[in-house]
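Here's upload14.cif, which has mmCIF, C-alpha atoms and all ligand atoms:
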data_coords
#
loop_
_atom_site.label_atom_id
_atom_site.label_comp_id
_atom_site.auth_asym_id
_atom_site.auth_seq_id
_atom_site.Cartn_x
_atom_site.Cartn_y
_atom_site.Cartn_z
CA MET F 1 15.62 -7.30 2.29
CA ILE F 2 12.89 -9.94 2.33
CA LEU F 3 12.74 -12.63 -0.31
CA PHE F 4 9.91 -15.12 -0.74
CA GLN F 5 10.61 -18.06 -3.03
CA ASP F 6 7.71 -20.30 -3.95
CA VAL F 7 6.30 -20.06 -0.43
CA ARG F 8 3.37 -22.32 0.34
CA LYS F 9 1.35 -22.60 3.50
CA VAL F 10 -1.16 -25.32 4.15
CA TYR F 11 -3.21 -25.35 7.35
CA GLU F 12 -4.78 -28.50 8.70
CA SER F 13 -8.16 -27.58 10.05
CA SER F 14 -10.48 -30.26 11.46
CA GLY F 15 -9.21 -32.85 9.05
CA GLU F 16 -9.29 -30.51 6.05
CA GLN F 17 -6.42 -28.82 4.30
CA VAL F 18 -6.56 -25.09 3.72
CA HIS F 19 -4.12 -23.83 1.11
CA ALA F 20 -3.48 -20.29 2.32
CA LEU F 21 -0.34 -19.53 0.25
CA ASN F 22 0.09 -21.16 -3.14
CA GLY F 23 3.61 -20.37 -4.31
CA VAL F 24 4.39 -16.79 -3.42
CA ASP F 25 7.44 -15.11 -4.96
CA LEU F 26 8.17 -11.64 -3.70
CA HIS F 27 11.18 -9.39 -3.33
CA ILE F 28 11.02 -6.54 -0.85
CA LYS F 29 14.05 -4.31 -1.06
CA LYS F 30 15.82 -2.56 1.79
CA GLY F 31 14.17 0.79 2.43
CA ASP F 32 10.90 -0.09 0.70
CA ILE F 33 7.51 0.67 2.15
CA PHE F 34 5.97 -2.34 0.49
CA GLY F 35 2.21 -2.86 0.53
CA VAL F 36 0.39 -6.14 -0.01
CA ILE F 37 -3.31 -5.73 -0.67
CA GLY F 38 -6.03 -8.32 -0.96
CA PHE F 39 -9.55 -9.17 0.08
CA SER F 40 -10.29 -10.95 3.32
CA GLY F 41 -9.06 -14.55 3.23
CA ALA F 42 -6.59 -13.90 0.40
CA GLY F 43 -3.65 -15.01 2.53
CA LYS F 44 -2.24 -11.66 3.69
CA SER F 45 -1.80 -12.52 7.36
CA SER F 46 -0.35 -15.91 6.50
CA LEU F 47 2.14 -14.16 4.22
CA ILE F 48 3.32 -11.56 6.70
CA ARG F 49 3.47 -14.06 9.56
CA CYS F 50 5.90 -16.17 7.53
CA VAL F 51 8.42 -13.30 7.67
CA ASN F 52 8.94 -13.67 11.42
CA LEU F 53 7.94 -17.31 11.57
CA LEU F 54 4.78 -16.71 13.58
CA GLU F 55 3.73 -19.20 10.91
CA ARG F 56 6.17 -21.66 9.42
CA PRO F 57 5.82 -22.03 5.65
CA THR F 58 4.92 -25.54 4.55
CA SER F 59 7.46 -25.25 1.74
CA GLY F 60 9.55 -22.66 -0.09
CA LYS F 61 12.08 -20.20 1.21
CA VAL F 62 11.88 -17.02 3.22
CA ILE F 63 15.16 -15.13 3.19
CA VAL F 64 15.52 -12.11 5.45
CA ASP F 65 18.64 -10.00 5.14
CA GLY F 66 20.45 -12.87 3.48
CA LYS F 67 19.44 -15.44 6.10
CA ASP F 68 17.35 -18.41 5.08
CA LEU F 69 15.01 -18.45 8.10
CA LEU F 70 13.91 -22.04 7.73
CA SER F 71 17.46 -23.32 7.97
CA LEU F 72 18.25 -21.53 11.25
CA SER F 73 18.41 -23.12 14.70
CA THR F 74 15.88 -22.05 17.34
CA LYS F 75 18.50 -19.82 18.92
CA GLN F 76 19.41 -18.23 15.59
CA VAL F 77 15.73 -17.65 14.83
CA ARG F 78 15.33 -15.86 18.17
CA GLU F 79 18.31 -13.65 17.26
CA ALA F 80 16.97 -12.98 13.75
CA LYS F 81 13.55 -12.03 15.16
CA LYS F 82 15.05 -9.13 17.13
CA ASP F 83 15.63 -7.56 13.78
CA ILE F 84 11.95 -7.77 12.85
CA GLY F 85 9.31 -5.70 14.66
CA MET F 86 5.57 -6.19 14.19
CA ILE F 87 2.40 -4.23 14.83
CA PHE F 88 -1.16 -5.54 14.76
CA GLN F 89 -4.69 -4.45 13.97
CA HIS F 90 -5.80 -4.81 17.59
CA PHE F 91 -2.51 -3.59 19.03
CA ASN F 92 -1.89 -6.68 21.21
CA LEU F 93 -0.97 -4.68 24.32
CA LEU F 94 -1.02 -6.09 27.82
CA ASN F 95 -3.80 -4.28 29.66
CA SER F 96 -2.36 -5.07 33.10
CA LYS F 97 0.88 -3.27 32.26
CA THR F 98 1.60 0.43 31.90
CA VAL F 99 2.57 1.99 28.59
CA PHE F 100 6.19 2.06 29.82
CA ASP F 101 6.15 -1.62 30.73
CA ASN F 102 4.50 -2.64 27.47
CA VAL F 103 7.27 -0.96 25.49
CA ALA F 104 9.90 -2.43 27.82
CA ILE F 105 8.81 -6.06 27.25
CA PRO F 106 11.14 -6.88 24.35
CA LEU F 107 14.04 -5.16 26.11
CA ARG F 108 13.51 -7.15 29.31
CA LEU F 109 13.35 -10.34 27.24
CA ALA F 110 16.65 -9.33 25.65
CA LYS F 111 18.11 -8.82 29.15
CA VAL F 112 18.92 -5.18 28.61
CA SER F 113 20.02 -3.35 31.78
CA LYS F 114 17.43 -1.47 33.80
CA GLN F 115 19.01 1.88 33.18
CA GLU F 116 19.28 1.32 29.45
CA ILE F 117 15.64 0.21 29.36
CA THR F 118 14.53 3.48 30.97
CA THR F 119 16.53 5.56 28.52
CA ARG F 120 15.40 3.58 25.49
CA VAL F 121 11.71 3.43 26.43
CA MET F 122 11.53 7.17 27.14
CA GLU F 123 13.31 7.87 23.85
CA LEU F 124 10.78 5.70 22.00
CA LEU F 125 7.78 7.24 23.73
CA GLU F 126 9.10 10.66 22.84
CA PHE F 127 9.48 9.55 19.21
CA VAL F 128 5.88 8.36 18.98
CA GLY F 129 4.61 11.40 20.90
CA LEU F 130 3.52 9.63 24.08
CA ASN F 131 6.07 10.62 26.74
CA GLU F 132 3.28 12.04 28.91
CA LYS F 133 1.53 8.68 28.96
CA ALA F 134 4.33 6.45 30.25
CA ASN F 135 2.47 5.58 33.43
CA ASN F 136 -0.98 5.18 31.91
CA TYR F 137 -2.62 1.87 31.15
CA PRO F 138 -3.77 0.86 27.65
CA ASP F 139 -7.44 1.21 28.65
CA GLN F 140 -6.86 4.90 29.25
CA LEU F 141 -5.67 5.47 25.67
CA SER F 142 -7.40 6.10 22.36
CA GLY F 143 -6.96 3.64 19.47
CA GLY F 144 -4.36 5.84 17.82
CA GLN F 145 -2.42 6.14 21.07
CA LYS F 146 -2.56 2.37 21.58
CA GLN F 147 -1.10 1.84 18.13
CA ARG F 148 1.68 4.32 18.97
CA VAL F 149 2.53 2.16 21.97
CA GLY F 150 2.51 -0.87 19.67
CA ILE F 151 4.88 0.93 17.34
CA ALA F 152 7.23 1.98 20.16
CA ARG F 153 7.30 -1.61 21.40
CA ALA F 154 8.00 -2.92 17.89
CA LEU F 155 10.94 -0.53 17.55
CA ALA F 156 12.43 -1.29 20.97
CA THR F 157 15.07 -3.72 19.76
CA LYS F 158 16.06 -1.44 16.86
CA PRO F 159 14.80 -3.74 14.09
CA SER F 160 15.64 -3.19 10.45
CA ILE F 161 12.22 -4.47 9.34
CA LEU F 162 8.76 -3.51 10.56
CA LEU F 163 5.75 -5.71 9.74
CA CYS F 164 2.30 -4.14 9.86
CA ASP F 165 -0.72 -6.46 9.76
CA GLU F 166 -3.78 -4.25 9.07
CA ALA F 167 -2.24 -1.78 11.52
CA THR F 168 -4.72 0.99 10.78
CA SER F 169 -7.84 -1.04 10.04
CA ALA F 170 -9.32 -0.42 13.49
CA LEU F 171 -8.73 3.35 13.33
CA ASP F 172 -10.76 6.25 11.98
CA PRO F 173 -9.49 7.98 8.81
CA GLN F 174 -7.86 10.91 10.58
CA THR F 175 -6.01 8.70 13.08
CA THR F 176 -5.08 6.36 10.23
CA ARG F 177 -3.42 9.23 8.43
CA ALA F 178 -1.44 10.23 11.53
CA ILE F 179 -0.24 6.67 12.11
CA LEU F 180 0.73 6.30 8.45
CA GLN F 181 2.73 9.51 8.66
CA LEU F 182 4.49 8.10 11.71
CA LEU F 183 5.35 4.93 9.77
CA LYS F 184 6.73 7.07 6.98
CA LYS F 185 8.89 8.96 9.47
CA ILE F 186 10.19 5.63 10.84
CA ASN F 187 11.08 4.53 7.33
CA GLU F 188 12.88 7.77 6.57
CA GLU F 189 14.63 8.49 9.86
CA TYR F 190 15.54 4.97 10.93
CA LYS F 191 15.89 3.52 7.42
CA ILE F 192 13.57 0.69 8.40
CA THR F 193 12.05 -1.47 5.67
CA ILE F 194 8.29 -1.65 6.14
CA LEU F 195 5.95 -4.40 4.95
CA ILE F 196 2.30 -3.44 5.21
CA ILE F 197 -0.63 -5.68 4.54
CA THR F 198 -4.04 -4.16 4.19
CA HIS F 199 -7.36 -4.38 2.43
CA GLU F 200 -7.47 -0.59 2.07
CA MET F 201 -6.08 0.90 -1.12
CA SER F 202 -5.95 4.35 0.51
CA VAL F 203 -3.26 3.05 2.86
CA ILE F 204 -1.18 1.89 -0.09
CA ARG F 205 -1.63 5.18 -1.89
CA GLU F 206 -0.70 7.20 1.18
CA ILE F 207 2.73 5.75 1.96
CA CYS F 208 3.84 2.73 -0.09
CA ASN F 209 6.36 2.86 -2.91
CA ARG F 210 5.62 -0.66 -4.16
CA VAL F 211 2.53 -2.80 -4.04
CA ALA F 212 1.59 -6.42 -4.67
CA VAL F 213 -1.95 -7.74 -5.03
CA ILE F 214 -2.63 -11.12 -3.43
CA GLU F 215 -5.56 -13.36 -4.31
CA GLY F 216 -6.14 -17.01 -3.49
CA GLY F 217 -2.71 -17.21 -1.88
CA LYS F 218 -0.94 -15.99 -5.01
CA ILE F 219 0.59 -12.68 -6.03
CA ILE F 220 -1.40 -11.74 -9.11
CA GLU F 221 0.08 -8.32 -9.78
CA GLU F 222 3.06 -6.30 -8.59
CA GLY F 223 4.72 -3.00 -9.35
CA THR F 224 5.40 0.52 -8.20
CA VAL F 225 2.41 2.23 -6.67
CA PHE F 226 2.40 4.51 -9.65
CA GLN F 227 2.31 1.63 -12.16
CA VAL F 228 -0.42 -0.29 -10.43
CA PHE F 229 -2.60 2.76 -9.82
CA SER F 230 -2.19 4.21 -13.28
CA SER F 231 -2.52 0.95 -15.21
CA PRO F 232 -3.81 -1.93 -13.14
CA LYS F 233 -3.66 -5.19 -15.05
CA THR F 234 -6.02 -7.49 -13.18
CA GLU F 235 -9.69 -7.05 -12.40
CA THR F 236 -8.95 -7.19 -8.67
CA ALA F 237 -6.30 -4.48 -8.88
CA ARG F 238 -8.68 -2.37 -10.97
CA SER F 239 -11.41 -2.64 -8.39
CA PHE F 240 -9.03 -1.67 -5.57
CA VAL F 241 -7.76 1.27 -7.59
CA SER F 242 -11.20 2.53 -8.47
CA SER F 243 -12.17 2.33 -4.79
CA VAL F 244 -9.87 5.27 -4.14
CA MET F 245 -9.25 6.93 -7.47
CA ASN F 246 -12.71 8.21 -8.18
CA ASP F 247 -12.20 7.52 -11.86
CA GLN F 248 -15.69 6.29 -12.58
CA LEU F 249 -17.77 8.37 -14.92
CA PRO F 250 -20.44 10.24 -12.98
CA GLU F 251 -23.92 9.01 -13.91
CA ALA F 252 -24.88 12.37 -15.39
CA VAL F 253 -21.91 12.28 -17.75
CA LYS F 254 -22.65 8.68 -18.66
CA ARG F 255 -26.23 9.56 -19.55
CA LEU F 256 -25.02 12.49 -21.58
CA VAL F 257 -22.57 10.34 -23.51
CA GLU F 258 -25.07 7.58 -24.09
CA ASN F 259 -28.18 9.52 -24.90
CA VAL F 260 -27.48 12.92 -26.27
CA GLU F 261 -27.78 13.10 -29.99
CA GLY F 262 -24.58 14.29 -31.66
CA ILE F 263 -22.09 13.34 -28.99
CA GLN F 264 -19.86 10.79 -30.62
CA ARG F 265 -16.17 10.52 -30.22
CA VAL F 266 -15.51 10.22 -26.51
CA TYR F 267 -12.15 9.23 -25.04
CA ARG F 268 -10.68 8.70 -21.66
CA ILE F 269 -7.24 10.20 -21.38
CA HIS F 270 -4.71 9.77 -18.58
CA PHE F 271 -1.98 12.28 -17.92
CA VAL F 272 1.13 11.81 -15.87
CA GLY F 273 3.51 14.12 -14.08
CA GLU F 274 4.34 17.61 -15.22
CA SER F 275 2.31 17.04 -18.34
CA ALA F 276 -0.86 16.82 -16.27
CA GLY F 277 -0.98 20.57 -16.36
CA GLU F 278 0.16 20.98 -19.90
CA PRO F 279 -2.37 22.61 -22.18
CA LEU F 280 -2.65 19.68 -24.55
CA PHE F 281 -6.17 20.51 -25.56
CA SER F 282 -5.51 24.05 -26.62
CA LYS F 283 -2.62 22.70 -28.69
CA LEU F 284 -4.94 20.19 -30.31
CA ALA F 285 -7.45 22.84 -31.16
CA LYS F 286 -4.72 24.95 -32.75
CA LYS F 287 -3.01 22.16 -34.69
CA PHE F 288 -6.13 20.42 -35.93
CA ASP F 289 -9.48 21.48 -37.14
CA LEU F 290 -11.46 20.10 -34.23
CA HIS F 291 -13.13 21.07 -31.04
CA VAL F 292 -12.30 19.49 -27.69
CA ASN F 293 -15.05 19.26 -25.16
CA VAL F 294 -14.05 18.17 -21.63
CA LEU F 295 -16.93 16.19 -20.12
CA PHE F 296 -15.29 15.14 -16.88
CA GLY F 297 -11.92 15.37 -15.23
CA ASN F 298 -9.94 15.08 -12.05
CA ILE F 299 -6.32 15.31 -11.05
CA THR F 300 -4.93 13.49 -8.05
CA GLU F 301 -1.45 12.89 -6.75
CA LEU F 302 0.34 9.55 -6.66
CA GLN F 303 3.70 9.33 -4.95
CA GLY F 304 3.95 13.09 -5.29
CA ILE F 305 3.34 12.96 -9.04
CA PRO F 306 0.23 14.63 -10.49
CA TYR F 307 -2.03 12.16 -12.23
CA GLY F 308 -4.96 13.26 -14.32
CA ASN F 309 -7.98 11.48 -15.68
CA LEU F 310 -10.13 13.21 -18.27
CA ILE F 311 -13.12 12.28 -20.37
CA VAL F 312 -13.22 14.34 -23.54
CA GLU F 313 -15.31 14.55 -26.65
CA PHE F 314 -13.76 15.41 -30.00
CA GLN F 315 -15.97 17.18 -32.48
CA GLY F 316 -14.84 17.44 -36.07
CA GLU F 317 -14.17 15.56 -39.27
CA GLU F 318 -13.24 11.91 -38.88
CA LYS F 319 -9.92 12.53 -40.62
CA GLU F 320 -8.95 15.39 -38.32
CA ILE F 321 -9.86 13.42 -35.22
CA ASN F 322 -7.74 10.50 -36.36
CA ARG F 323 -4.79 12.81 -36.96
CA ALA F 324 -5.26 14.32 -33.52
CA LEU F 325 -5.36 10.85 -31.95
CA MET F 326 -2.11 9.97 -33.66
CA TYR F 327 -0.59 13.15 -32.31
CA ILE F 328 -1.79 12.37 -28.78
CA ASN F 329 -0.38 8.89 -29.02
CA GLN F 330 3.05 10.37 -29.67
CA GLN F 331 2.92 12.44 -26.49
CA GLU F 332 4.53 10.86 -23.48
CA VAL F 333 1.94 12.59 -21.39
CA LEU F 334 -0.58 10.03 -22.26
CA ILE F 335 -0.30 6.57 -20.87
CA LYS F 336 -3.56 5.14 -21.99
CA GLU F 337 -5.78 6.03 -24.85
CA VAL F 338 -9.24 5.02 -24.17
CA THR F 339 -12.04 3.29 -25.25
CA THR F 340 -15.27 4.94 -24.38
CA HIS F 341 -16.88 5.36 -27.75
CA ALA F 342 -20.35 6.59 -27.41
CA SER F 343 -21.55 5.10 -30.65
N1 LIG N 401 -4.66 -21.14 11.73
C1 LIG N 401 -5.41 -21.42 10.67
N2 LIG N 401 -6.00 -22.63 10.53
C2 LIG N 401 -6.76 -22.93 9.46
N3 LIG N 401 -7.01 -22.08 8.44
C3 LIG N 401 -6.45 -20.85 8.52
C4 LIG N 401 -5.65 -20.47 9.63
N4 LIG N 401 -5.24 -19.18 9.43
C5 LIG N 401 -5.78 -18.81 8.25
N5 LIG N 401 -6.49 -19.80 7.70
C6 LIG N 401 -7.20 -19.77 6.39
O1 LIG N 401 -6.24 -19.42 5.40
C7 LIG N 401 -6.80 -18.54 4.45
C8 LIG N 401 -6.00 -17.25 4.43
O2 LIG N 401 -6.14 -16.58 5.68
P1 LIG N 401 -5.35 -15.28 6.07
O3 LIG N 401 -3.92 -15.46 5.77
O4 LIG N 401 -5.72 -14.93 7.47
O5 LIG N 401 -5.98 -14.22 5.05
P2 LIG N 401 -6.21 -12.64 5.16
O6 LIG N 401 -5.26 -12.12 6.21
O7 LIG N 401 -5.90 -12.14 3.79
O8 LIG N 401 -7.64 -12.43 5.53
C9 LIG N 401 -8.24 -18.35 4.86
O9 LIG N 401 -9.02 -19.26 4.12
C10 LIG N 401 -8.26 -18.69 6.33
O10 LIG N 401 -9.50 -19.18 6.73
MG MG N 402 -5.53 -10.96 7.96
#
Exercise: express the given structure as structure tokens:
Amino acid sequence: MILFQDVRKVYESSGEQVHALNGVDLHIKKGDIFGVIGFSGAGKSSLIRCVNLLERPTSGKVIVDGKDLLSLSTKQVREAKKDIGMIFQHFNLLNSKTVFDNVAIPLRLAKVSKQEITTRVMELLEFVGLNEKANNYPDQLSGGQKQRVGIARALATKPSILLCDEATSALDPQTTRAILQLLKKINEEYKITILIITHEMSVIREICNRVAVIEGGKIIEEGTVFQVFSSPKTETARSFVSSVMNDQLPEAVKRLVENVEGIQRVYRIHFVGESAGEPLFSKLAKKFDLHVNVLFGNITELQGIPYGNLIVEFQGEEKEINRALMYINQQEVLIKEVTTHAS
């Protein structure tokens, strides 16, 4: 469990103050894969680095597994940090050391016996799929392999929390997917809480269960991945969502809606879950005297739940269309009635 209470961070930089975090409140529950997304400079790294005190908050509280970090002694902080692993965008491996030795670093620091180190490191390398590479050097590895070493090293002291600062931002999409699947496996098999910060909404969609949007050092929106993706509340969240959801009207459809004589009542309709496949439109056509014309549609999956987005035109008498809209509004299938009126 990670709790942020009114956390502020001010940097002093050549005589100027930079307010990187401006009162962050956040609750990350045990077992979450929690994503924090924001543009560059929003305060993401500052936020995540406050969890293991790589940065000390200027004020506020950071409570990790019940312990108020800022009230601990140096020795207690060192102890608490063993419970928090971290991986980085550029892996932060030591190039002069082998893969084995890189993973062994935290164990040597913790004065674990030589024999135990060997067992543990080989176990970790096996888990991340790198047991063949124990004696290689980082320079001999691909980006994805380097991040696997970073992950093995972060897990060495059996932490209950894993922090990921843009951990896939230096990787190509296919490698990103493989690393994200590995993080998911870590969360499921080791019950490790994962905090991910990223500027890529696809990362959030792929593995997170909750997401917060950070802007100007403040959390401006938070919810389940499903909530934020299906009904983003802020402009920033909307732009992140539309970067991956492909829910923009194609130009051709837009032109059709705007210019073609006779096209009038156009709506955007969102479907959720089982209902995404339900034949709502054929029901409408049966129940009401109208014609439903689907102009555009796609169905994606969020957190394993089908999620559909359709642009439809209703043709018929005003009165019938209004009755049909009332009927649609009563269906749980629909989470948002929309707005795109052509006229
Ligand atoms: N060590 C530092 N000294 C001065 N300013 C910093 C320092 N680290 C970050 N900042 C500033 O704090 C703000 C937030 O930075 P950061 O937390 O790195 O954001 P993000 O990770 O979202 O890009 C930025 O304006 C950045 O320039
Ligand atoms: Mg950053």
All residues 7 Å or closer to Lys9 in chain F, all atoms listed in the file, same chain fewer than 6 positions away omitted, as a VMD selection string: chain F and resid 19 to 22 57 to 59
Test item: which residues lie within 12 Å of (-3.9, 2.1, -12.1) counting all atoms listed in the file, as an MDAnalysis selection string: chainID F and resid 201 205 211 221:247 270:272 302 307:309 335:336
Assuming 4 Å of padding per side, give the centre and edge lengths of the axis-aligned box around every listed atom of ligand LIG 401 (chain N), in Å to one decimal and as JSON.
{"center_x": -6.7, "center_y": -17.5, "center_z": 7.8, "size_x": 13.6, "size_y": 18.8, "size_z": 15.9}
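Counting from CA of Gly129 in chain F, the distance to CA of His199 in chain F is 27.1 Å.
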With only C-alpha atoms and all ligand atoms counted and 8 Å as the cut-off, give the residues of chain F in contact with ligand MG 402 (chain N), each with its shortest interatomic distance in Å and the pair that gives it, as JSON lines.
{"residue": "F:Ser40", "atom": "CA", "partner": "N:MG402", "partner_atom": "MG", "distance": 6.6}
{"residue": "F:Gly41", "atom": "CA", "partner": "N:MG402", "partner_atom": "MG", "distance": 6.9}
{"residue": "F:Gly43", "atom": "CA", "partner": "N:MG402", "partner_atom": "MG", "distance": 7.0}
{"residue": "F:Lys44", "atom": "CA", "partner": "N:MG402", "partner_atom": "MG", "distance": 5.4}
{"residue": "F:Ser45", "atom": "CA", "partner": "N:MG402", "partner_atom": "MG", "distance": 4.1}
{"residue": "F:Ser46", "atom": "CA", "partner": "N:MG402", "partner_atom": "MG", "distance": 7.3}
{"residue": "F:Asp165", "atom": "CA", "partner": "N:MG402", "partner_atom": "MG", "distance": 6.8}
{"residue": "F:Glu166", "atom": "CA", "partner": "N:MG402", "partner_atom": "MG", "distance": 7.0}
{"residue": "F:Ile197", "atom": "CA", "partner": "N:MG402", "partner_atom": "MG", "distance": 8.0}
{"residue": "F:Thr198", "atom": "CA", "partner": "N:MG402", "partner_atom": "MG", "distance": 7.9}
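Nearest to Val36 in chain F of all the residues F:Ile321, F:Ile220, F:Val312, F:Ile105 is F:Ile220, counting all atoms listed in the file.
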Coordinates-based distance that separates CA of Ile311 in chain F from CA of Leu290 in chain F (Å, one decimal):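 Atom-to-atom, CA of Leu290 in chain F and CA of Ile311 in chain F are spaced 16.0 Å apart.
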